[in-house]
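Shown below: coords27.tsv, with TSV, C-alpha atoms.
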chain	number	residue	atom	x	y	z
A	1	MET	CA	-10.45	20.10	-2.86
A	2	ASN	CA	-8.84	20.00	0.57
A	3	LEU	CA	-5.18	21.06	0.77
A	4	HIS	CA	-3.10	20.24	3.86
A	5	ILE	CA	0.44	21.65	3.93
A	6	SER	CA	2.90	20.28	6.51
A	7	GLU	CA	6.23	21.80	7.47
A	8	THR	CA	8.26	18.65	6.74
A	9	LYS	CA	7.78	15.22	5.16
A	10	LYS	CA	7.77	13.68	8.63
A	11	ASP	CA	5.00	16.04	9.70
A	12	LEU	CA	3.13	15.15	6.52
A	13	VAL	CA	3.26	11.43	7.31
A	14	VAL	CA	2.15	11.94	10.91
A	15	GLY	CA	-0.62	14.29	9.87
A	16	PHE	CA	-1.94	11.89	7.28
A	17	ALA	CA	-1.73	8.95	9.70
A	18	ASP	CA	-3.86	10.88	12.19
A	19	TRP	CA	-6.35	11.77	9.46
A	20	LEU	CA	-6.45	8.14	8.31
A	21	VAL	CA	-7.12	6.78	11.80
A	22	ALA	CA	-9.99	9.25	12.23
A	23	GLU	CA	-11.42	8.55	8.76
A	24	ILE	CA	-11.37	4.77	9.27
A	25	GLU	CA	-13.16	5.24	12.58
A	26	ARG	CA	-15.73	7.47	10.90
A	27	VAL	CA	-16.35	4.94	8.11
A	28	LEU	CA	-16.69	2.04	10.54
A	29	GLY	CA	-19.07	4.10	12.64
A	30	LYS	CA	-21.51	3.90	9.72
A	31	GLY	CA	-20.82	0.38	8.42
A	32	THR	CA	-19.10	-2.96	8.91
A	33	ARG	CA	-16.07	-2.54	6.64
A	34	CYS	CA	-13.59	0.02	5.35
A	35	THR	CA	-12.09	-0.44	1.89
A	36	ILE	CA	-8.69	1.11	1.23
A	37	ALA	CA	-6.55	1.19	-1.91
A	38	LEU	CA	-2.84	1.56	-1.15
A	39	SER	CA	-0.19	3.22	-3.27
A	40	GLY	CA	3.46	2.48	-3.86
A	41	GLY	CA	6.38	4.87	-3.54
A	42	SER	CA	8.56	6.12	-0.71
A	43	THR	CA	6.08	8.24	1.26
A	44	PRO	CA	3.68	5.30	1.86
A	45	ILE	CA	6.59	3.23	3.15
A	46	ASP	CA	7.19	5.82	5.88
A	47	LEU	CA	3.45	5.81	6.56
A	48	PHE	CA	3.31	2.02	6.76
A	49	LYS	CA	6.16	2.01	9.28
A	50	LEU	CA	4.29	4.50	11.43
A	51	LEU	CA	0.98	2.61	11.24
A	52	ALA	CA	2.74	-0.61	12.28
A	53	SER	CA	4.35	1.08	15.29
A	54	ASP	CA	3.10	0.58	18.84
A	55	SER	CA	1.79	4.14	18.92
A	56	TYR	CA	-0.60	3.61	16.00
A	57	LYS	CA	-1.42	-0.02	15.32
A	58	ASN	CA	-3.84	-0.32	18.23
A	59	LYS	CA	-5.83	2.71	17.08
A	60	ILE	CA	-7.30	0.87	14.07
A	61	ASP	CA	-9.75	-2.05	13.90
A	62	TRP	CA	-7.72	-3.95	11.32
A	63	SER	CA	-10.17	-6.86	11.23
A	64	LYS	CA	-12.66	-4.69	9.34
A	65	LEU	CA	-10.24	-3.34	6.75
A	66	HIS	CA	-10.27	-4.60	3.15
A	67	ILE	CA	-7.04	-3.80	1.34
A	68	PHE	CA	-6.46	-3.19	-2.37
A	69	TRP	CA	-3.68	-1.68	-4.48
A	70	GLY	CA	-3.81	1.19	-6.91
A	71	ASP	CA	-1.24	-0.27	-9.27
A	72	GLU	CA	1.52	-2.81	-9.58
A	73	ARG	CA	4.58	-3.58	-11.65
A	74	ASP	CA	4.43	-6.89	-13.48
A	75	VAL	CA	7.14	-8.51	-11.37
A	76	PRO	CA	6.91	-11.38	-8.84
A	77	ILE	CA	5.78	-10.50	-5.33
A	78	THR	CA	9.27	-11.50	-4.18
A	79	ASP	CA	10.81	-8.73	-6.31
A	80	ASP	CA	11.84	-5.49	-4.61
A	81	LEU	CA	9.97	-3.54	-7.32
A	82	ASN	CA	6.67	-5.11	-6.23
A	83	ASN	CA	4.48	-2.67	-4.28
A	84	ALA	CA	2.66	-5.38	-2.35
A	85	LYS	CA	5.92	-6.92	-1.15
A	86	HIS	CA	6.82	-3.77	0.77
A	87	ALA	CA	3.33	-3.32	2.17
A	88	PHE	CA	3.35	-6.85	3.56
A	89	ALA	CA	6.88	-6.63	4.95
A	90	ILE	CA	6.42	-3.27	6.62
A	91	LEU	CA	2.73	-3.23	7.60
A	92	LEU	CA	0.36	-6.03	6.68
A	93	ASN	CA	2.38	-8.85	8.26
A	94	HIS	CA	2.33	-6.96	11.55
A	95	VAL	CA	-1.39	-6.21	11.95
A	96	PRO	CA	-4.41	-8.55	12.24
A	97	ILE	CA	-6.09	-8.21	8.84
A	98	PRO	CA	-7.74	-11.47	7.67
A	99	THR	CA	-5.86	-12.70	4.61
A	100	GLY	CA	-9.10	-13.02	2.64
A	101	GLN	CA	-9.54	-9.25	2.94
A	102	ILE	CA	-6.20	-8.46	1.30
A	103	HIS	CA	-6.42	-8.31	-2.49
A	104	VAL	CA	-3.07	-8.16	-4.28
A	105	MET	CA	-2.70	-7.74	-8.02
A	106	ASP	CA	-1.62	-11.29	-8.88
A	107	THR	CA	1.59	-11.08	-10.90
A	108	SER	CA	1.96	-14.87	-11.00
A	109	VAL	CA	-0.26	-14.76	-14.11
A	110	ASP	CA	0.10	-12.61	-17.22
A	111	ALA	CA	-0.67	-8.94	-16.75
A	112	GLN	CA	-3.86	-8.88	-18.82
A	113	THR	CA	-5.29	-11.80	-16.86
A	114	ALA	CA	-4.27	-10.18	-13.58
A	115	ALA	CA	-6.06	-6.97	-14.52
A	116	SER	CA	-9.21	-8.82	-15.59
A	117	ARG	CA	-9.30	-10.81	-12.37
A	118	TYR	CA	-8.77	-7.68	-10.30
A	119	GLU	CA	-11.64	-5.98	-12.06
A	120	GLU	CA	-13.85	-8.94	-11.22
A	121	ILE	CA	-12.96	-8.59	-7.53
A	122	LEU	CA	-13.75	-4.88	-7.66
A	123	HIS	CA	-17.16	-5.56	-9.15
A	124	THR	CA	-18.01	-7.99	-6.34
A	125	TYR	CA	-17.36	-5.17	-3.88
A	126	PHE	CA	-18.66	-2.08	-5.60
A	127	ASP	CA	-21.38	-2.92	-8.10
A	128	ASN	CA	-24.57	-1.03	-7.23
A	129	GLU	CA	-22.79	0.99	-4.53
A	130	PRO	CA	-22.99	4.81	-4.48
A	131	THR	CA	-19.19	4.99	-4.10
A	132	SER	CA	-16.30	2.61	-4.62
A	133	PHE	CA	-13.41	2.63	-2.13
A	134	ASP	CA	-13.84	4.39	1.17
A	135	ILE	CA	-10.25	5.65	0.90
A	136	VAL	CA	-7.79	5.74	-1.99
A	137	MET	CA	-4.17	6.64	-1.32
A	138	LEU	CA	-2.27	8.11	-4.25
A	139	GLY	CA	1.16	9.48	-4.94
A	140	MET	CA	2.24	11.86	-7.67
A	141	GLY	CA	5.43	11.44	-9.67
A	142	ASP	CA	7.65	14.34	-10.69
A	143	ASP	CA	6.15	13.93	-14.17
A	144	GLY	CA	2.60	14.24	-12.88
A	145	HIS	CA	1.67	10.56	-13.12
A	146	THR	CA	-0.40	8.80	-10.50
A	147	LEU	CA	-1.26	5.09	-10.23
A	148	SER	CA	0.19	3.76	-13.50
A	149	LEU	CA	-1.42	6.58	-15.43
A	150	PHE	CA	1.72	7.87	-17.13
A	151	PRO	CA	1.76	10.87	-19.48
A	152	GLY	CA	0.60	10.06	-22.97
A	153	THR	CA	-0.35	6.44	-22.25
A	154	VAL	CA	-3.58	4.63	-23.05
A	155	ALA	CA	-4.35	4.19	-19.36
A	156	VAL	CA	-4.99	7.93	-18.98
A	157	THR	CA	-7.83	7.95	-21.50
A	158	GLU	CA	-9.53	4.71	-20.44
A	159	GLU	CA	-13.20	5.44	-19.77
A	160	THR	CA	-14.75	2.00	-19.23
A	161	LYS	CA	-12.50	-0.52	-17.49
A	162	TRP	CA	-11.92	-0.37	-13.75
A	163	ALA	CA	-8.53	-2.10	-13.99
A	164	MET	CA	-6.24	-2.60	-16.95
A	165	ALA	CA	-2.76	-3.69	-17.99
A	166	PHE	CA	-0.49	-2.17	-20.61
A	167	TYR	CA	3.15	-2.17	-21.66
A	168	LEU	CA	5.04	0.91	-20.50
A	169	GLU	CA	7.76	1.41	-23.07
A	170	ALA	CA	9.75	3.83	-20.90
A	171	GLN	CA	10.22	1.14	-18.24
A	172	LYS	CA	10.24	-1.88	-20.56
A	173	MET	CA	7.62	-3.64	-18.45
A	174	ASN	CA	3.92	-4.25	-18.09
A	175	ARG	CA	1.98	-2.27	-15.51
A	176	ILE	CA	-1.33	-3.19	-13.90
A	177	THR	CA	-3.42	-0.29	-12.67
A	178	LEU	CA	-6.76	0.93	-11.48
A	179	THR	CA	-8.20	3.52	-13.81
A	180	SER	CA	-9.67	6.91	-13.08
A	181	VAL	CA	-13.09	5.38	-13.75
A	182	ILE	CA	-13.17	3.43	-10.47
A	183	VAL	CA	-10.92	5.75	-8.46
A	184	ASN	CA	-13.12	8.76	-9.16
A	185	LYS	CA	-16.05	6.88	-7.62
A	186	ALA	CA	-14.25	6.70	-4.24
A	187	ALA	CA	-15.54	8.47	-1.14
A	188	ALA	CA	-12.14	9.94	-0.24
A	189	ILE	CA	-9.14	10.27	-2.56
A	190	CYS	CA	-5.88	11.31	-0.92
A	191	PHE	CA	-2.71	12.43	-2.68
A	192	LEU	CA	0.55	12.46	-0.72
A	193	ALA	CA	3.40	14.48	-2.21
A	194	ALA	CA	6.68	15.60	-0.69
A	195	GLY	CA	9.86	17.32	-1.83
A	196	LYS	CA	10.87	20.26	-4.02
A	197	GLY	CA	11.03	17.94	-7.03
A	198	LYS	CA	7.23	17.92	-7.01
A	199	ALA	CA	6.76	21.69	-6.69
A	200	SER	CA	6.45	22.80	-10.33
A	201	THR	CA	4.33	19.79	-11.27
A	202	LEU	CA	2.03	20.26	-8.28
A	203	LYS	CA	1.45	23.85	-9.35
A	204	GLU	CA	0.51	22.72	-12.87
A	205	VAL	CA	-1.78	19.96	-11.58
A	206	LEU	CA	-3.62	22.18	-9.13
A	207	GLN	CA	-3.53	25.58	-10.78
A	208	GLY	CA	-2.60	25.04	-14.42
A	209	GLU	CA	-4.61	24.35	-17.56
A	210	TYR	CA	-6.40	20.99	-17.61
A	211	ARG	CA	-4.03	18.78	-19.61
A	212	PRO	CA	-4.42	15.23	-18.23
A	213	LEU	CA	-2.42	13.58	-21.01
A	214	LEU	CA	0.53	15.67	-19.86
A	215	TYR	CA	-0.33	15.69	-16.13
A	216	PRO	CA	-2.40	12.54	-15.49
A	217	SER	CA	-2.97	13.41	-11.82
A	218	GLN	CA	-5.47	15.97	-13.14
A	219	LYS	CA	-7.62	13.04	-14.29
A	220	ILE	CA	-8.45	12.25	-10.68
A	221	LYS	CA	-11.65	14.15	-9.94
A	222	PRO	CA	-14.10	12.48	-7.53
A	223	THR	CA	-17.67	12.34	-8.78
A	224	ASN	CA	-19.32	11.78	-5.40
A	225	GLY	CA	-16.55	12.13	-2.85
A	226	GLU	CA	-13.79	14.33	-1.47
A	227	LEU	CA	-10.32	15.04	-2.83
A	228	TYR	CA	-7.47	15.67	-0.38
A	229	TRP	CA	-3.90	16.74	-1.02
A	230	PHE	CA	-1.42	16.16	1.82
A	231	VAL	CA	1.85	17.85	0.89
A	232	ASP	CA	4.92	19.19	2.62
A	233	LYS	CA	6.14	22.78	2.46
A	234	ASP	CA	8.72	21.96	-0.21
A	235	ALA	CA	6.17	20.40	-2.57
A	236	ALA	CA	3.87	23.38	-2.03
A	237	SER	CA	6.60	25.98	-2.53
A	238	ALA	CA	5.41	27.03	-6.02
A	239	LEU	CA	1.75	27.42	-5.09
Since I need it in another form, could you write the structure as structure tokens?
Amino acid sequence: MNLHISETKKDLVVGFADWLVAEIERVLGKGTRCTIALSGGSTPIDLFKLLASDSYKNKIDWSKLHIFWGDERDVPITDDLNNAKHAFAILLNHVPIPTGQIHVMDTSVDAQTAASRYEEILHTYFDNEPTSFDIVMLGMGDDGHTLSLFPGTVAVTEETKWAMAFYLEAQKMNRITLTSVIVNKAAAICFLAAGKGKASTLKEVLQGEYRPLLYPSQKIKPTNGELYWFVDKDAASAL
């Protein structure tokens, strides 16, 4: 596990952006594509803004990127709760990625169908490959969830499906999510966490007893890749 602690959230975003540029270049130096799964949340929005800026967008060969999402709320892509909506508005509409290489979780159909279709797409990319995604971006909630793997839910214990949908009672909505099964096959898995509200949970996830039903972020353990945590000083304050 690789732990990077930045002084501030801004430093965290800049540091991760620099790492991401270098990692994409490294991946493309060995192959013809780079597959990335994006996360939702506030920290990625700051990252997307930076990547779309003049100082960063020309550092990446966007034409060779293939974009996926880690999870999605079952709301239309026009809804402000939709993760893909923000990614398009802030980043993807401003860089030259071929539309056929951007794979949203399609919330225009029912959640179960969306999850099944997403799993089919994933299999076309990653069947018979030694790893799945080249890069997976993850966040961690104050409760220790990541993706839509919420404490005590069926998604945490899924051991077969690569993508699934379930009803999250606490939010009164369906969620569509990648599972730890496919994420743990990734070459590089990167958590971004900022703020003192994450401090006690981060300590439990990294240093506490293994209790993934309580702290689902512990379920993320790469089988043939590297795990990175990019955090700010506040999030790391209990370590």
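What separates atom CA of Pro98 of chain A from atom CA of His66 of chain A is a distance of 8.6 Å.
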Counting only C-alpha atoms, what is within 7 Å of segment 30-37 of chain A, bar same-chain residues fewer than 5 positions away, as a short mmCIF file (atom, residue, chain, number, x, y, z; two decimals) with C-alpha atoms, keeping the file's coordinate frame?
data_model
loop_
_atom_site.label_atom_id
_atom_site.label_comp_id
_atom_site.auth_asym_id
_atom_site.auth_seq_id
_atom_site.Cartn_x
_atom_site.Cartn_y
_atom_site.Cartn_z
CA ILE A 24 -11.37 4.77 9.27
CA LYS A 64 -12.66 -4.69 9.34
CA LEU A 65 -10.24 -3.34 6.75
CA HIS A 66 -10.27 -4.60 3.15
CA ILE A 67 -7.04 -3.80 1.34
CA PHE A 68 -6.46 -3.19 -2.37
CA TRP A 69 -3.68 -1.68 -4.48
CA GLY A 70 -3.81 1.19 -6.91
CA PHE A 133 -13.41 2.63 -2.13
CA ASP A 134 -13.84 4.39 1.17
CA ILE A 135 -10.25 5.65 0.90
CA VAL A 136 -7.79 5.74 -1.99
CA MET A 137 -4.17 6.64 -1.32
#
Residue neighbourhood Ala84 of chain A, 9 Å, only C-alpha atoms, exclusion window fewer than 6 positions, as a short mmCIF file (atom, residue, chain, number, x, y, z; two decimals) with C-alpha atoms, in the coordinates of the input:
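That gives us part.cif:
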data_model
loop_
_atom_site.label_atom_id
_atom_site.label_comp_id
_atom_site.auth_asym_id
_atom_site.auth_seq_id
_atom_site.Cartn_x
_atom_site.Cartn_y
_atom_site.Cartn_z
CA LEU A 38 -2.84 1.56 -1.15
CA GLY A 40 3.46 2.48 -3.86
CA TRP A 69 -3.68 -1.68 -4.48
CA GLU A 72 1.52 -2.81 -9.58
CA ILE A 77 5.78 -10.50 -5.33
CA VAL A 104 -3.07 -8.16 -4.28
CA MET A 105 -2.70 -7.74 -8.02
#
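Residue nearest Lys9 of chain A within the list A:Ala236, A:Ala115, A:Leu147, A:Leu92: A:Ala236 [criterion: smallest interatomic distance, all atoms listed in the file].
In terms of minimum interatomic distance to Ala199 of chain A, A:Gly141 ranks closest within A:Pro44, A:Gly100, A:Gly141, A:Pro130, counting all atoms listed in the file.
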(message) What's the separation between atom CA of Lys85 of chain A and atom CA of Glu158 of chain A, in Å to one decimal place?
(response) 27.3 Å
(message) Using all atoms listed in the file, can you tell me which of A:Ala22, A:Leu178, A:Leu227, A:Ala165 comes closest to Val109 of chain A?
(response) A:Ala165
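Using all atoms listed in the file, the contacts of Glu23 of chain A at a cut-off of 10 Å, with sequence neighbours closer than 3 positions omitted, comprise Ala17, Asp18, Trp19, Leu20, Arg26, Val27, Leu28, Gly29, Cys34, Asp134, Ile135 and Ala188 of chain A.
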(message) One decimal, in Å: what's the spacing between atom CA of Val21 of chain A and atom CA of Pro216 of chain A?
(response) 28.3 Å
(message) I'd like the contact shell of Pro96 of chain A - 9 Å cut-off, all atoms listed in the file, skipping same-chain residues fewer than 2 positions apart - returned as a VMD selection string.
(response) chain A and resid 61 to 63 92 to 94 98 to 99
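Proximity to Val231 of chain A was assessed for A:His86, A:Arg117, A:Arg73, A:His4 counting all atoms listed in the file; the smallest distance is recorded for A:His4.
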Box centre and edge lengths (Å, one decimal), axis-aligned, segment 176-179 of chain A plus 5 Å each side, as lines of an AutoDock Vina configuration file:
center_x = -4.8
center_y = 0.2
center_z = -12.7
size_x = 16.9
size_y = 16.7
size_z = 12.4
(request) Name all residues at most 10 Å from Leu149 of chain A (count all atoms listed in the file; drop same-chain ones fewer than 6 positions away) and give them as number ranges by chain. (result) A: 71, 155-158, 168, 175-180, 212-213, 215-217, 219
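Closest to Leu51 of chain A among A:Asn83, A:Glu209, A:Ile90, A:Pro76 is A:Ile90, based on all atoms listed in the file.
With all atoms listed in the file as the atoms that count, the residue of A:Ile97, A:Ala52, A:Leu206, A:Ala194 with the shortest distance to Glu7 of chain A is A:Ala194.
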